[in-house]
file my_file_10.txt (compact mmCIF, C-alpha atoms)
# COMPACT_ATOMS: atom_id res chain seq x y z
CA MET A 1 109.78 32.79 65.22
CA THR A 2 106.88 35.06 66.20
CA LYS A 3 103.67 33.75 67.71
CA LYS A 4 101.86 34.60 64.49
CA SER A 5 104.34 32.73 62.30
CA LEU A 6 104.35 29.75 64.71
CA ALA A 7 100.55 29.62 64.59
CA ALA A 8 100.66 29.75 60.80
CA ALA A 9 103.19 26.92 60.71
CA LEU A 10 101.10 24.76 63.05
CA THR A 11 98.01 25.45 60.99
CA GLY A 12 99.91 24.38 57.90
CA LEU A 13 100.98 21.15 59.60
CA ILE A 14 97.41 20.43 60.67
CA LEU A 15 96.09 21.04 57.18
CA THR A 16 98.81 18.81 55.77
CA ALA A 17 97.87 16.05 58.22
CA VAL A 18 94.21 16.34 57.23
CA THR A 19 95.17 16.20 53.57
CA LEU A 20 97.39 13.16 54.06
CA TYR A 21 95.29 11.16 56.49
CA GLY A 22 91.78 12.49 56.04
CA ALA A 23 89.43 14.23 58.42
CA ASP A 24 86.89 12.71 60.81
CA PHE A 25 83.22 12.82 59.86
CA ASP A 26 81.10 12.41 63.01
CA ILE A 27 77.77 10.93 61.92
CA ARG A 28 75.98 12.98 64.61
CA LYS A 29 76.80 16.11 62.63
CA PHE A 30 74.81 14.60 59.76
CA GLY A 31 71.75 14.04 61.94
CA ALA A 32 72.42 10.59 63.42
CA LYS A 33 71.16 9.78 66.93
CA GLY A 34 72.66 7.02 69.07
CA ASP A 35 69.49 6.21 70.98
CA GLY A 36 69.05 2.68 69.56
CA VAL A 37 65.62 3.65 68.19
CA THR A 38 66.13 6.27 65.49
CA LYS A 39 66.90 4.76 62.10
CA ASN A 40 70.10 6.44 60.94
CA THR A 41 70.53 4.96 57.46
CA VAL A 42 70.28 8.27 55.60
CA ALA A 43 72.49 10.19 58.05
CA ILE A 44 75.26 7.59 57.99
CA GLN A 45 75.21 7.38 54.19
CA LYS A 46 75.44 11.19 53.98
CA ALA A 47 78.56 11.09 56.16
CA ILE A 48 80.10 8.37 53.97
CA ASP A 49 79.34 10.30 50.78
CA ALA A 50 80.80 13.49 52.22
CA CYS A 51 83.93 11.66 53.36
CA THR A 52 84.67 10.08 49.98
CA LYS A 53 83.92 13.38 48.21
CA ALA A 54 86.49 15.10 50.45
CA GLY A 55 89.13 12.58 49.39
CA GLY A 56 88.76 10.15 52.28
CA GLY A 57 88.91 10.01 56.06
CA ARG A 58 87.08 8.41 58.96
CA VAL A 59 83.32 8.18 59.36
CA VAL A 60 83.06 7.93 63.12
CA LEU A 61 80.41 6.34 65.34
CA MET A 62 80.76 7.03 69.06
CA ASP A 63 78.79 7.29 72.29
CA GLY A 64 75.62 5.38 71.48
CA VAL A 65 73.72 2.64 69.69
CA TYR A 66 73.10 3.55 66.06
CA LEU A 67 70.25 1.69 64.40
CA SER A 68 70.60 1.51 60.61
CA GLY A 69 69.48 -0.18 57.45
CA PRO A 70 71.98 -1.06 54.71
CA ILE A 71 74.82 1.35 53.94
CA GLN A 72 77.45 1.42 51.17
CA LEU A 73 81.11 2.16 51.87
CA LYS A 74 82.98 4.10 49.21
CA SER A 75 86.60 4.72 48.30
CA GLY A 76 88.82 6.28 50.94
CA VAL A 77 86.38 5.69 53.80
CA ASP A 78 87.37 4.19 57.16
CA PHE A 79 84.09 3.25 58.86
CA HIS A 80 85.27 3.65 62.44
CA ILE A 81 83.12 2.24 65.25
CA ASP A 82 84.53 3.60 68.49
CA GLY A 83 84.61 1.41 71.58
CA THR A 84 81.73 3.48 72.97
CA ALA A 85 79.46 2.69 69.99
CA LYS A 86 77.38 -0.08 68.48
CA PHE A 87 76.19 -0.27 64.88
CA LEU A 88 72.83 -2.05 65.14
CA ALA A 89 71.31 -3.55 61.98
CA SER A 90 67.64 -2.93 61.39
CA PRO A 91 65.47 -5.90 62.40
CA ASP A 92 63.05 -5.26 59.52
CA ILE A 93 63.71 -7.58 56.57
CA LYS A 94 61.95 -5.06 54.31
CA ASP A 95 64.87 -2.70 54.88
CA TYR A 96 67.15 -5.00 52.84
CA PRO A 97 66.23 -4.90 49.15
CA GLU A 98 68.65 -5.81 46.39
CA TRP A 99 71.41 -3.28 45.74
CA PRO A 100 70.50 -1.82 42.33
CA ASP A 101 72.90 -2.27 39.40
CA PRO A 102 76.06 -3.48 41.18
CA LYS A 103 79.12 -3.07 38.98
CA HIS A 104 81.22 -6.03 40.00
CA ILE A 105 78.82 -8.95 40.37
CA VAL A 106 76.12 -10.83 38.48
CA SER A 107 73.54 -10.95 41.23
CA GLU A 108 71.43 -13.77 39.82
CA ASN A 109 74.44 -16.08 40.14
CA LEU A 110 75.19 -15.29 43.78
CA PRO A 111 74.91 -18.03 46.40
CA ARG A 112 72.43 -17.84 49.26
CA GLY A 113 69.19 -17.14 47.45
CA ASN A 114 70.86 -15.19 44.62
CA ARG A 115 70.60 -12.01 46.66
CA ASN A 116 73.15 -9.22 46.99
CA ALA A 117 71.38 -7.77 50.04
CA CYS A 118 73.54 -7.12 53.11
CA VAL A 119 74.04 -4.66 55.95
CA ILE A 120 77.35 -3.07 54.83
CA PHE A 121 78.20 -3.18 51.11
CA ALA A 122 81.16 -2.02 49.01
CA ASP A 123 81.30 -2.32 45.21
CA GLU A 124 84.67 -1.77 43.50
CA ALA A 125 85.83 0.60 46.24
CA GLU A 126 89.49 1.23 47.07
CA ARG A 127 91.24 2.06 50.35
CA ILE A 128 88.29 1.13 52.54
CA ALA A 129 88.23 0.00 56.14
CA ILE A 130 86.05 -1.04 59.06
CA THR A 131 87.93 -0.34 62.30
CA GLY A 132 87.47 0.40 65.98
CA ARG A 133 86.76 -1.40 69.23
CA GLY A 134 83.01 -1.10 68.81
CA VAL A 135 80.33 -3.63 67.88
CA ILE A 136 78.40 -4.58 64.75
CA ASP A 137 75.17 -6.20 65.96
CA GLY A 138 73.38 -8.08 63.17
CA ASN A 139 70.08 -8.21 65.08
CA GLY A 140 69.78 -11.83 64.00
CA THR A 141 67.26 -12.63 66.70
CA TYR A 142 64.57 -11.19 64.42
CA HIS A 143 65.58 -13.32 61.43
CA VAL A 144 65.37 -16.83 62.90
CA GLU A 145 62.92 -18.99 64.80
CA LYS A 146 63.44 -21.96 67.07
CA ILE A 147 62.58 -25.49 65.97
CA ASP A 148 61.71 -28.28 68.38
CA LYS A 149 63.86 -30.98 66.82
CA PRO A 150 66.85 -30.26 64.55
CA THR A 151 66.44 -32.08 61.25
CA ASN A 152 69.17 -30.37 59.22
CA ALA A 153 72.69 -31.60 58.54
CA GLY A 154 74.21 -29.02 60.86
CA GLY A 155 72.09 -29.97 63.85
CA TRP A 156 71.04 -26.34 64.28
CA SER A 157 68.12 -25.73 66.62
CA TYR A 158 67.01 -22.58 64.74
CA LYS A 159 65.94 -22.01 61.15
CA ARG A 160 65.52 -18.99 58.90
CA LYS A 161 62.26 -17.14 59.41
CA TYR A 162 62.16 -16.14 55.72
CA PRO A 163 62.76 -18.12 52.49
CA ASN A 164 66.27 -18.05 51.01
CA ASP A 165 65.34 -15.55 48.32
CA GLU A 166 63.96 -13.15 50.94
CA SER A 167 66.33 -13.62 53.89
CA LEU A 168 69.45 -11.58 54.67
CA PRO A 169 72.31 -13.66 53.22
CA ARG A 170 75.26 -11.79 54.75
CA VAL A 171 76.22 -8.90 57.03
CA VAL A 172 79.32 -7.35 55.37
CA PHE A 173 79.82 -7.86 51.62
CA PHE A 174 82.77 -6.35 49.72
CA ALA A 175 82.95 -7.10 45.97
CA GLY A 176 85.83 -6.16 43.68
CA CYS A 177 87.54 -3.96 46.28
CA LYS A 178 91.23 -3.15 46.70
CA ASP A 179 93.32 -2.28 49.74
CA VAL A 180 90.87 -3.43 52.38
CA LEU A 181 91.37 -3.28 56.15
CA ILE A 182 89.01 -4.79 58.74
CA GLU A 183 90.41 -4.45 62.23
CA ASP A 184 89.48 -4.91 65.92
CA VAL A 185 85.69 -4.81 65.47
CA THR A 186 83.38 -7.24 67.28
CA MET A 187 80.46 -8.72 65.35
CA THR A 188 77.65 -10.46 67.17
CA ASN A 189 74.05 -11.69 66.81
CA GLN A 190 74.40 -12.45 63.10
CA PRO A 191 71.32 -13.62 61.20
CA SER A 192 71.46 -16.85 59.21
CA GLY A 193 74.01 -15.46 56.80
CA TRP A 194 77.75 -15.00 56.41
CA SER A 195 79.41 -12.49 58.73
CA TYR A 196 82.02 -11.18 56.27
CA TRP A 197 82.14 -12.04 52.57
CA LEU A 198 85.14 -10.72 50.64
CA HIS A 199 84.53 -11.50 46.97
CA ASP A 200 87.27 -10.93 44.35
CA CYS A 201 89.19 -8.44 46.48
CA ASP A 202 92.90 -7.58 46.33
CA ARG A 203 95.28 -6.76 49.17
CA VAL A 204 93.12 -7.55 52.17
CA THR A 205 94.14 -7.32 55.83
CA VAL A 206 91.84 -8.71 58.52
CA ARG A 207 93.08 -8.70 62.11
CA GLY A 208 91.96 -8.63 65.69
CA LEU A 209 88.30 -9.45 65.02
CA GLN A 210 85.84 -10.98 67.44
CA ILE A 211 83.14 -12.83 65.49
CA LEU A 212 80.72 -14.24 68.04
CA ALA A 213 77.77 -15.83 66.26
CA ASP A 214 75.22 -18.14 67.85
CA LEU A 215 76.30 -21.72 67.09
CA LYS A 216 72.63 -22.74 66.99
CA TYR A 217 71.88 -20.48 63.98
CA PRO A 218 72.34 -21.99 60.49
CA ASN A 219 74.81 -20.84 57.82
CA ASN A 220 76.38 -17.93 59.71
CA ASP A 221 79.94 -18.37 58.44
CA GLY A 222 82.65 -16.17 59.95
CA ILE A 223 85.15 -14.93 57.37
CA HIS A 224 84.35 -16.08 53.83
CA LEU A 225 87.19 -15.38 51.37
CA ASN A 226 86.34 -15.99 47.73
CA CYS A 227 88.51 -15.39 44.63
CA CYS A 228 90.73 -12.97 46.58
CA ARG A 229 94.45 -12.35 46.30
CA ASP A 230 97.11 -11.24 48.78
CA VAL A 231 95.11 -11.76 51.95
CA THR A 232 96.23 -11.85 55.59
CA VAL A 233 93.88 -12.89 58.41
CA SER A 234 95.38 -12.82 61.90
CA ASP A 235 94.64 -12.67 65.61
CA CYS A 236 90.90 -13.37 65.32
CA HIS A 237 88.51 -15.19 67.66
CA ILE A 238 85.64 -16.75 65.70
CA GLU A 239 82.65 -18.77 66.92
CA CYS A 240 80.05 -19.70 64.29
CA GLY A 241 77.13 -22.00 63.58
CA ASP A 242 78.71 -22.69 60.19
CA ASP A 243 82.32 -22.59 58.95
CA SER A 244 84.60 -20.22 60.87
CA ILE A 245 86.98 -19.45 57.98
CA VAL A 246 86.28 -20.30 54.34
CA ILE A 247 88.72 -20.17 51.41
CA ARG A 248 87.02 -20.53 48.02
CA ALA A 249 87.21 -19.71 44.30
CA ASN A 250 83.63 -19.61 43.05
CA SER A 251 83.64 -17.24 40.05
CA ARG A 252 80.11 -17.87 38.80
CA SER A 253 78.86 -14.46 39.96
CA LEU A 254 81.88 -12.67 38.46
CA HIS A 255 82.33 -11.48 34.88
CA GLU A 256 85.50 -13.58 34.55
CA ASN A 257 87.12 -16.46 36.40
CA LYS A 258 89.49 -15.49 39.22
CA PRO A 259 91.78 -17.61 41.44
CA MET A 260 92.02 -17.59 45.21
CA GLU A 261 95.73 -17.25 45.94
CA ARG A 262 98.44 -15.93 48.24
CA CYS A 263 96.52 -16.14 51.50
CA VAL A 264 97.86 -16.30 55.07
CA ILE A 265 95.71 -17.31 58.05
CA THR A 266 97.49 -17.16 61.41
CA ASN A 267 97.08 -16.83 65.18
CA CYS A 268 93.34 -17.49 65.34
CA VAL A 269 91.04 -19.31 67.77
CA LEU A 270 88.11 -21.05 66.05
CA ARG A 271 84.94 -22.86 67.13
CA SER A 272 82.28 -24.02 64.71
CA HIS A 273 79.22 -26.23 64.31
CA ALA A 274 80.77 -27.18 60.93
CA ASN A 275 84.42 -26.67 59.85
CA GLY A 276 87.01 -24.67 61.70
CA VAL A 277 88.56 -24.07 58.26
CA ARG A 278 86.91 -25.04 55.00
CA ILE A 279 88.75 -24.95 51.69
CA ALA A 280 86.72 -25.12 48.43
CA TRP A 281 83.20 -26.25 47.73
CA SER A 282 81.37 -27.32 44.60
CA ASN A 283 83.00 -26.55 41.22
CA ASP A 284 85.34 -23.88 42.54
CA GLY A 285 88.32 -22.90 40.43
CA VAL A 286 91.96 -22.50 41.44
CA ILE A 287 92.96 -22.25 45.12
CA ARG A 288 96.71 -22.11 45.69
CA HIS A 289 99.64 -20.70 47.65
CA CYS A 290 98.01 -20.50 51.08
CA ALA A 291 99.59 -20.86 54.53
CA LEU A 292 97.62 -21.56 57.71
CA SER A 293 99.44 -21.58 61.03
CA ASN A 294 99.11 -21.22 64.80
CA LEU A 295 95.42 -22.10 64.96
CA VAL A 296 93.41 -23.51 67.86
CA ILE A 297 90.22 -25.26 66.72
CA THR A 298 87.89 -26.63 69.41
CA GLU A 299 84.44 -28.20 69.65
CA SER A 300 83.88 -28.33 65.90
CA LYS A 301 82.46 -30.90 63.49
CA HIS A 302 85.63 -30.89 61.36
CA GLY A 303 88.90 -29.16 62.04
CA ILE A 304 90.00 -28.76 58.41
CA GLY A 305 87.51 -29.66 55.68
CA ILE A 306 88.37 -29.89 51.99
CA ALA A 307 85.17 -31.24 50.46
CA LEU A 308 84.12 -31.05 46.80
CA PRO A 309 80.43 -31.96 46.79
CA THR A 310 77.90 -32.42 44.00
CA PRO A 311 76.44 -29.02 42.99
CA HIS A 312 73.35 -28.11 44.99
CA ALA A 313 71.39 -25.20 46.46
CA LYS A 314 72.66 -22.66 43.89
CA ASP A 315 76.01 -22.38 45.68
CA TYR A 316 78.39 -23.77 43.07
CA GLY A 317 81.00 -22.55 40.61
CA ARG A 318 81.61 -23.14 36.90
CA GLU A 319 85.19 -24.49 36.83
CA LYS A 320 87.15 -27.58 37.64
CA THR A 321 88.58 -27.26 41.13
CA LEU A 322 92.36 -27.29 41.53
CA ILE A 323 93.77 -27.05 45.05
CA GLU A 324 97.55 -26.94 45.33
CA ASP A 325 100.46 -25.71 47.42
CA ILE A 326 98.77 -25.32 50.81
CA CYS A 327 100.69 -25.52 54.09
CA PHE A 328 99.16 -26.17 57.54
CA ASP A 329 101.49 -25.65 60.49
CA ASN A 330 101.21 -25.65 64.31
CA ILE A 331 97.50 -26.41 64.64
CA LEU A 332 95.85 -27.74 67.79
CA MET A 333 92.41 -29.37 67.55
CA ASP A 334 90.38 -30.63 70.49
CA GLY A 335 86.81 -31.93 70.77
CA ILE A 336 86.43 -32.61 67.03
CA TYR A 337 83.26 -34.65 66.77
CA TYR A 338 83.70 -35.96 63.22
CA TYR A 339 87.01 -35.72 61.30
CA PRO A 340 89.97 -33.54 62.31
CA ILE A 341 90.97 -33.46 58.62
CA VAL A 342 88.76 -34.56 55.75
CA ILE A 343 89.49 -34.47 52.01
CA SER A 344 86.70 -35.78 49.80
CA ILE A 345 85.70 -35.56 46.13
CA LYS A 346 82.14 -36.53 45.20
CA GLU A 347 81.36 -38.35 41.98
CA LYS A 348 79.76 -35.44 40.08
CA ALA A 349 82.02 -32.67 41.34
CA MET A 350 84.10 -30.94 38.65
CA ALA A 351 87.69 -31.30 39.82
CA GLU A 352 91.21 -31.42 38.41
CA ALA A 353 93.38 -32.31 41.42
CA ILE A 354 94.18 -31.79 45.09
CA ARG A 355 97.95 -31.81 45.47
CA ASN A 356 100.99 -30.54 47.33
CA LEU A 357 99.44 -30.19 50.79
CA ARG A 358 101.73 -30.26 53.80
CA PHE A 359 100.60 -30.79 57.40
CA ASN A 360 103.25 -29.97 60.00
CA ASN A 361 102.98 -30.14 63.80
CA ILE A 362 99.27 -30.99 63.99
CA GLN A 363 97.83 -32.28 67.25
CA ALA A 364 94.18 -33.38 67.17
CA THR A 365 91.78 -35.14 69.52
CA GLY A 366 88.30 -36.20 68.42
CA ALA A 367 85.93 -38.88 67.22
CA ASN A 368 87.89 -40.09 64.19
CA PHE A 369 91.22 -40.09 62.44
CA PRO A 370 91.72 -38.05 59.22
CA CYS A 371 89.67 -39.21 56.24
CA PHE A 372 90.59 -39.11 52.53
CA LEU A 373 87.99 -40.03 49.88
CA GLY A 374 89.31 -39.55 46.37
CA ARG A 375 88.25 -40.43 42.85
CA GLU A 376 90.14 -42.50 40.32
CA ASP A 377 90.12 -39.70 37.74
CA VAL A 378 91.07 -36.92 40.19
CA PRO A 379 94.40 -37.40 41.93
CA ILE A 380 94.97 -36.60 45.58
CA GLU A 381 98.74 -36.48 45.53
CA ASN A 382 101.78 -35.38 47.47
CA ILE A 383 100.03 -35.03 50.84
CA VAL A 384 102.74 -34.89 53.50
CA PHE A 385 102.33 -35.28 57.28
CA ASN A 386 105.25 -34.28 59.50
CA ASN A 387 105.23 -34.58 63.29
CA CYS A 388 101.44 -34.94 63.59
CA SER A 389 99.49 -36.74 66.31
CA PHE A 390 95.82 -37.82 66.13
CA THR A 391 93.96 -39.23 69.13
CA GLN A 392 90.57 -40.91 68.79
CA VAL A 393 88.07 -40.62 71.63
CA ASN A 394 86.11 -43.47 73.16
CA PRO A 395 84.16 -45.03 70.25
CA GLU A 396 81.25 -45.89 72.55
CA GLN A 397 80.30 -42.24 72.79
CA LYS A 398 77.41 -41.81 70.33
CA ASP A 399 75.82 -38.38 70.39
CA MET A 400 79.01 -36.46 69.89
CA GLN A 401 77.66 -33.79 67.56
CA MET A 402 75.13 -32.48 70.04
CA VAL A 403 77.41 -32.46 73.08
CA HIS A 404 80.41 -31.01 71.20
CA ALA A 405 82.67 -33.66 72.72
CA THR A 406 82.01 -32.48 76.28
CA GLY A 407 82.70 -35.16 78.87
CA ILE A 408 84.16 -37.68 76.43
CA THR A 409 86.92 -40.00 77.63
CA PHE A 410 90.00 -39.22 75.59
CA HIS A 411 93.16 -41.10 74.59
CA ALA A 412 91.43 -44.25 73.39
CA THR A 413 93.56 -44.66 70.27
CA THR A 414 96.46 -42.60 68.97
CA PHE A 415 98.60 -42.56 65.89
CA THR A 416 101.52 -40.26 65.29
CA THR A 417 103.36 -39.30 62.11
CA ARG A 418 106.96 -38.22 62.07
CA THR A 419 109.32 -37.57 59.21
CA LYS A 420 112.90 -36.47 59.32
call {"tool": "encode", "arguments": {"input": "my_file_10.txt", "output": "structure tokens"}}
result
Amino acid sequence: MTKKSLAAALTGLILTAVTLYGADFDIRKFGAKGDGVTKNTVAIQKAIDACTKAGGGRVVLMDGVYLSGPIQLKSGVDFHIDGTAKFLASPDIKDYPEWPDPKHIVSENLPRGNRNACVIFADEAERIAITGRGVIDGNGTYHVEKIDKPTNAGGWSYKRKYPNDESLPRVVFFAGCKDVLIEDVTMTNQPSGWSYWLHDCDRVTVRGLQILADLKYPNNDGIHLNCCRDVTVSDCHIECGDDSIVIRANSRSLHENKPMERCVITNCVLRSHANGVRIAWSNDGVIRHCALSNLVITESKHGIGIALPTPHAKDYGREKTLIEDICFDNILMDGIYYYPIVISIKEKAMAEAIRNLRFNNIQATGANFPCFLGREDVPIENIVFNNCSFTQVNPEQKDMQMVHATGITFHATTFTTRTK
């Protein structure tokens, strides 16, 4: 083979690789500056638009701090934040208006102030990703203010600076998307809003995330999965002022009711000022076929919370809740300052049943034993405990919520379940 023919062959291979895997779109070539001061919203969106128009690829951030307002991911785009880069959300609340005319959602029925505003949005996109060893900084410091004495249920020492219908309700919001990957990214300094909300998405993989929110900020959930199917979440470290991982089926903001099903959560370390894992809320629909395993949950209000409350605060669904066929396996909980496991159904909650839940190899230490509060007309049935141990801390310790179980004398009372 001559040098000319070899060069032609290599060129062909390179072009084939670009065609198959997509090219890189460096946002600096679209005018972005990583100085932490220049607002790069327009430049980043131009790179995203060019990438999807070319058939897909990576939009790359590297070597700098890139300040930006809200951006929208589109089909085929891997938003890649290199380990040398930070994506810094604008501190100005005026930079976050409603997304106009979203296809997949009914915005007036959304929870959290009925707003669809967010930092990174995707609406019915396919083959999208957020990857890289870099950082998403929510700039939440500018969205909260300190209060002298916590008066809220979460015991948070900060509150939102803006009313619910003006504040930033979430950082990343994907609605009606398919084939989603979120991998390796660190998110920090979230405002009082959910870190990631995946709403009616199919075939979702989330792995290797660091979600490091301030536990003193209200309502900054970690990974919020709602009405999704075929989801895997693995190898994540999550610290949040609100629930670390949420599994729900609230369809009220969708055009049709959708279940939450076929979900795996594994190999995660969780810490929360609320629930390590929360399943369902008010008037959710069907949640089924989920497996949660190899979790470490520490210094949290509840380890696993399955609570169906009375509708309130605009965050409620339109269906009877049915939770079934959920397996919890190999879970260690320590420093739980309320209930390690709680299942409760309030009087006015719309619910059909909670059934077929299996708890295997659970070891928990905290303020109380598991708690089950049912209703005569809503069965809680076929709940199985196998090889589980629950240890209650010294009951004389009072202010457990504020100290997160630090310094408590353990091994006051223990009960263990074993089945053959």
call {"tool": "closest_residue", "arguments": {"input": "my_file_10.txt", "among": "A:Ala89, A:Cys290, A:Ala47, A:Ala32", "to": "Cys118 of chain A", "atoms": "all atoms listed in the file"}}
result
A:Ala89
call {"tool": "closest_residue", "arguments": {"input": "my_file_10.txt", "among": "A:Asn114, A:Thr52, A:Thr41, A:Asn356", "to": "Pro70 of chain A", "atoms": "all atoms listed in the file"}}
result
A:Thr41
call {"tool": "atom_distance", "arguments": {"input": "my_file_10.txt", "atom1": "atom CA of Ile326 of chain A", "atom2": "atom CA of Asp235 of chain A"}}
result
19.9 Å
call {"tool": "atom_distance", "arguments": {"input": "my_file_10.txt", "atom1": "atom CA of Tyr337 of chain A", "atom2": "atom CA of Thr391 of chain A"}}
result
11.9 Å
call {"tool": "residues_around", "arguments": {"input": "my_file_10.txt", "residues": "Arg133 of chain A", "least_positions_apart": "3", "cutoff": "8 Å", "atoms": "all atoms listed in the file", "output": "list in words"}}
result
Ile81, Asp82, Gly83, Thr84, Asp184, Val185 and Thr186 of chain A
call {"tool": "write_last_selection", "arguments": {"input": "my_file_10.txt", "atoms": "C-alpha atoms", "output": "compact mmCIF listing (two decimals), keeping the file's coordinate frame"}}
result
# COMPACT_ATOMS: atom_id res chain seq x y z
CA ILE A 81 83.12 2.24 65.25
CA ASP A 82 84.53 3.60 68.49
CA GLY A 83 84.61 1.41 71.58
CA THR A 84 81.73 3.48 72.97
CA ASP A 184 89.48 -4.91 65.92
CA VAL A 185 85.69 -4.81 65.47
CA THR A 186 83.38 -7.24 67.28
call {"tool": "closest_residue", "arguments": {"input": "my_file_10.txt", "among": "A:Ala129, A:Val106, A:Leu292, A:Leu357", "to": "Val384 of chain A", "atoms": "only C-alpha atoms"}}
result
A:Leu357
call {"tool": "atom_distance", "arguments": {"input": "my_file_10.txt", "atom1": "atom CA of Gly285 of chain A", "atom2": "atom CA of Gly305 of chain A"}}
result
16.7 Å
call {"tool": "closest_residue", "arguments": {"input": "my_file_10.txt", "among": "A:Ala213, A:Ile27, A:Ala125, A:Ile383", "to": "Tyr196 of chain A", "atoms": "all atoms listed in the file"}}
result
A:Ala213
call {"tool": "closest_residue", "arguments": {"input": "my_file_10.txt", "among": "A:Asp202, A:Glu347, A:Asp78, A:Asp179", "to": "Asp49 of chain A", "atoms": "only C-alpha atoms"}}
result
A:Asp78
call {"tool": "residues_around", "arguments": {"input": "my_file_10.txt", "residues": "Phe25 of chain A", "least_positions_apart": "3", "cutoff": "6 Å", "atoms": "all atoms listed in the file", "output": "list in words"}}
result
Arg58, Val59 and Val60 of chain A
call {"tool": "residues_around", "arguments": {"input": "my_file_10.txt", "residues": "Asn361 of chain A", "least_positions_apart": "4", "cutoff": "12 Å", "atoms": "all atoms listed in the file", "output": "list in words"}}
result
Leu292, Ser293, Asn294, Leu295, Cys327, Phe328, Asp329, Asn330, Ile331, Leu332, Met333, Val384, Phe385, Asn386, Asn387, Cys388, Ser389, Phe390, Thr416, Thr417, Arg418 and Thr419 of chain A
call {"tool": "closest_residue", "arguments": {"input": "my_file_10.txt", "among": "A:Ala367, A:Glu239, A:Ile380, A:Lys74", "to": "Val393 of chain A", "atoms": "all atoms listed in the file"}}
result
A:Ala367
call {"tool": "residues_near_point", "arguments": {"input": "my_file_10.txt", "point": "(78.7, -13.9, 42.2)", "cutoff": "6 Å", "atoms": "all atoms listed in the file", "output": "number ranges by chain"}}
result
A: 105-106, 109-110, 252-254
call {"tool": "residues_around", "arguments": {"input": "my_file_10.txt", "residues": "Cys263 of chain A", "least_positions_apart": "3", "cutoff": "7 Å", "atoms": "all atoms listed in the file", "output": "ChimeraX atom specification"}}
result
/A:229-232,289-291
call {"tool": "residues_around", "arguments": {"input": "my_file_10.txt", "residues": "Leu322 of chain A", "least_positions_apart": "2", "cutoff": "8 Å", "atoms": "all atoms listed in the file", "output": "JSON, numbers by chain"}}
result
{"A": [284, 285, 286, 287, 288, 320, 324, 351, 352, 353, 354]}
call {"tool": "axis_aligned_box", "arguments": {"input": "my_file_10.txt", "around": "segment 39-47 of chain A", "padding_each_side": "6 Å", "output": "JSON"}}
result
{"center_x": 72.7, "center_y": 8.0, "center_z": 58.0, "size_x": 23.7, "size_y": 18.4, "size_z": 20.1}
call {"tool": "residues_near_point", "arguments": {"input": "my_file_10.txt", "point": "(95.7, -7.0, 49.6)", "cutoff": "12 Å", "atoms": "all atoms listed in the file", "output": "PyMOL selection string"}}
result
chain A and resi 126-128+176-182+198+200-206+228-233+261-264
